[in-house]
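Take a look at the structure below.
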Amino acid sequence: MDPANLNGTVQQIINPTAGMCVIKTTADVRAGKTLDVSGYTPTDLTIKEGHVIIEETSTGNLKPLDISSGVYVSLPGAHTYKGVLTADILKAKPMAAITIAGVVNDALAPYEIGSTIKTALGNINFIKD
């Protein structure tokens, strides 16, 4: 995976619920990762805090779980659930902090997090607050 380009114009992300979805992080992906967004189809400029992150098992690449008709798609083959995005990021600069253990208010997640995902991410306590 290519590294993210740090050059360019400064952009501000405005999200009224920023910092309220991921309530507490007790473990994360060390040093963060640049996400592979090549197969991510939504046209939004940002990927929101609380978005589910998956890992391709053969490469270790981390990706946002894709969306179709406003809901998460099924987990692709040869992938596992990794965690949730800790803060909003720009799709064009997908440098991400990823929570793998902690507390997440899934009432503020950008898309509904189903029971299969919650079970797979057993170190995250999902609450509706």
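Chains: A, B, ... in order of the structure tokens. Residues: from 1 per chain. Ligands: from 1, in order shown.
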(request) Please provide the set of residues having any atom within 8 Å of Ala27 (chain A), restricted to only C-alpha atoms, with same-chain residues fewer than 6 positions apart removed, written as a ChimeraX atom specification. (result) /A:99-102
(message) as number ranges by chain, please: the residues near Ile47 (chain A) (cut-off 10 Å, only C-alpha atoms, same-chain neighbours under 4 positions excluded).
(response) A: 37, 40, 42-43, 51-52, 64, 85, 87-92, 94, 96, 110
(request) Please identify all polymer residues within 7 Å of region 80-82 of chain A, counting only C-alpha atoms, omitting same-chain residues fewer than 5 positions from it, and present them as a PyMOL selection string. (result) chain A and resi 53-57+100+120-121
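From CA of Leu65 (chain A) back to CA of Gly50 (chain A), the distance works out to 11.2 Å.
From CA of Glu49 (chain A) back to CA of Lys24 (chain A), the distance works out to 12.5 Å.
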